[in-house]
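Undergrad: Input: one structure, supplied below.
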Amino acid sequence: DIDQSFVMLRSAVRLSSGSSGKNVAVVLAGCGVYDGSEIQEAVAVLVSLSRQGAAVQCYAPDRDQAHVINHAKGEEAGETRNVLSEAARIARGNIKPLSELKSDDYSAVIFPGGFGAAKNLCNFAFEGENFSVQDDVQTVLKQFKEQGKPIGMCCISPVIAAKVFPGCKVTIGNDEDVASAIKKVGSENVSKQVTEICVDSDNKLVTSPAYMYGDAAPHEVFDGVSAMVTETLKLTKE
């Protein structure tokens, strides 16, 4: 029976049981670089957290994507998909609605990149410097900040922190247009290479450029994301 097999498989899904005592929330924005979370970045985050013994729970907004992109053709597909349902593909089904994420339950929160971060978590991809951040995303970030808990981000997702926390320091690499938008919303981009990270100790905010360097090799992206995860976890001790 296929349905029973699915139930049995799902009951066995665990992203990480955790041995470090750290519980980390990972916020996804769909599945796929052009309209959701960048899959390689998301997997790099999950692997790095697992390797360091953190327990992980994925979350995503339960709403329609801004649009759907055919990744083979690079054009709109003319269909509707749900952010949570799509992100569940990366999380192997072990995912919860973003509305259920409470900072009290976690040591840190991490946001991978991908255009979904700039389309489904905020509208930077469409509005540029005049963008706004979804209310549920703002709520989560402010909760972690108020409790002094670290926030990790990579690729384009740091623009969200730049908007929510004016005056913060982030890195999206050396993209001049995005760096200019970050400056216009009152924050600062610190140019870093793909394997490097930016640490804003005052805000407990750790960022890495990842695939903002579009020609980066996957292992370089993994190394940068892993460094971001490592530093984010270190900040949970302070």
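Every chain in the structure tokens has a letter given in the order shown (A, B, ...), and although residue numbers restart at 1 in each chain, ligands are simply numbered from 1 in the order shown.
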Sorted by chain and rising residue number, which residues of stretch 51-116 of chain A lie within 10 Å of stretch 153-165 of chain A, and what are their closest atom pairs and distances in Å to one decimal, counting only C-alpha atoms, as a Markdown table?
TA:
| residue | atom | partner | partner_atom | distance |
| --- | --- | --- | --- | --- |
| A:Val109 | CA | A:Met153 | CA | 8.7 |
| A:Ile110 | CA | A:Met153 | CA | 5.7 |
| A:Phe111 | CA | A:Met153 | CA | 4.7 |
| A:Pro112 | CA | A:Cys154 | CA | 5.4 |
| A:Gly113 | CA | A:Cys155 | CA | 4.7 |
| A:Gly114 | CA | A:Ile156 | CA | 6.6 |
| A:Phe115 | CA | A:Ile156 | CA | 7.4 |
| A:Gly116 | CA | A:Ser157 | CA | 9.0 |
Undergrad: So that I can see what lies close to stretch 174-191 of chain A, please list as a PyMOL selection string the residues with an atom at most 10 Å from it, counting only C-alpha atoms and leaving out residues fewer than 2 positions away in the same chain.
TA: chain A and resi 124+128-131+156+158-172+193-194+196-199+207-209+212-213
Undergrad: Going by DSSP on the backbone, which residues of chain A come out as strand (DSSP E)? List them as a VMD selection string.
TA: chain A and resid 23 to 27 55 to 60 69 to 70 75 to 76 95 to 97 108 to 111 151 to 154 169 to 170 188 to 189 198 to 200 205 to 208
Undergrad: One decimal, in Å: what's the spacing between atom CA of A:Ile95 and atom CA of A:Val27?
TA: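 Between these atoms lies a distance of 9.5 Å.
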Undergrad: Take atom CA of A:Ala91 and atom CA of A:Asp215 and report the distance between them in Å, one decimal.
TA: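 Going from atom CA of A:Ala91 over to atom CA of A:Asp215, I get 26.0 Å.
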Undergrad: Per residue of stretch 68-106 of chain A within 10 Å of stretch 144-148 of chain A, record the nearest atom pair and its distance in Å to one decimal, counting only C-alpha atoms, with rows in chain order and ascending residue number, as a tab-separated table.
TA:
residue	atom	partner	partner_atom	distance
A:Lys102	CA	A:Phe144	CA	8.7
A:Ser103	CA	A:Phe144	CA	5.6
A:Asp104	CA	A:Gln147	CA	8.3
A:Tyr106	CA	A:Phe144	CA	8.8
Undergrad: Please compute the atom CA of A:Thr195-atom CA of A:Pro150 distance, one decimal, in Å.
TA: 19.9 Å
Undergrad: Find the spatial neighbours of A:Leu233, counting only C-alpha atoms, within a cut-off of 10 Å - ignore same-chain residues fewer than 6 positions away - and output them as JSON, numbers by chain.
TA: {"A": [20, 22, 23, 24, 49, 52, 54, 107, 108, 109, 149, 150, 151, 152, 206, 227]}
Undergrad: List every residue of stretch 127-223 of chain A that has an atom at most 10 Å from any atom of stretch 56-78 of chain A, giving for each one its closest atom pair and the distance in Å to one decimal, counting only C-alpha atoms, sorted by chain and then by ascending residue number, as CSV.
TA:
residue,atom,partner,partner_atom,distance
A:Gln134,CA,A:Pro61,CA,9.6
A:Asp136,CA,A:Pro61,CA,8.0
A:Val137,CA,A:Pro61,CA,8.5
Undergrad: Tell me which protein, DNA and RNA residues are within 8 Å of A:Ala87, counting only C-alpha atoms, leaving out same-chain ones fewer than 2 positions away, and put them as a PyMOL selection string.
TA: chain A and resi 28-31+36-37+60+83-85+89-91+95
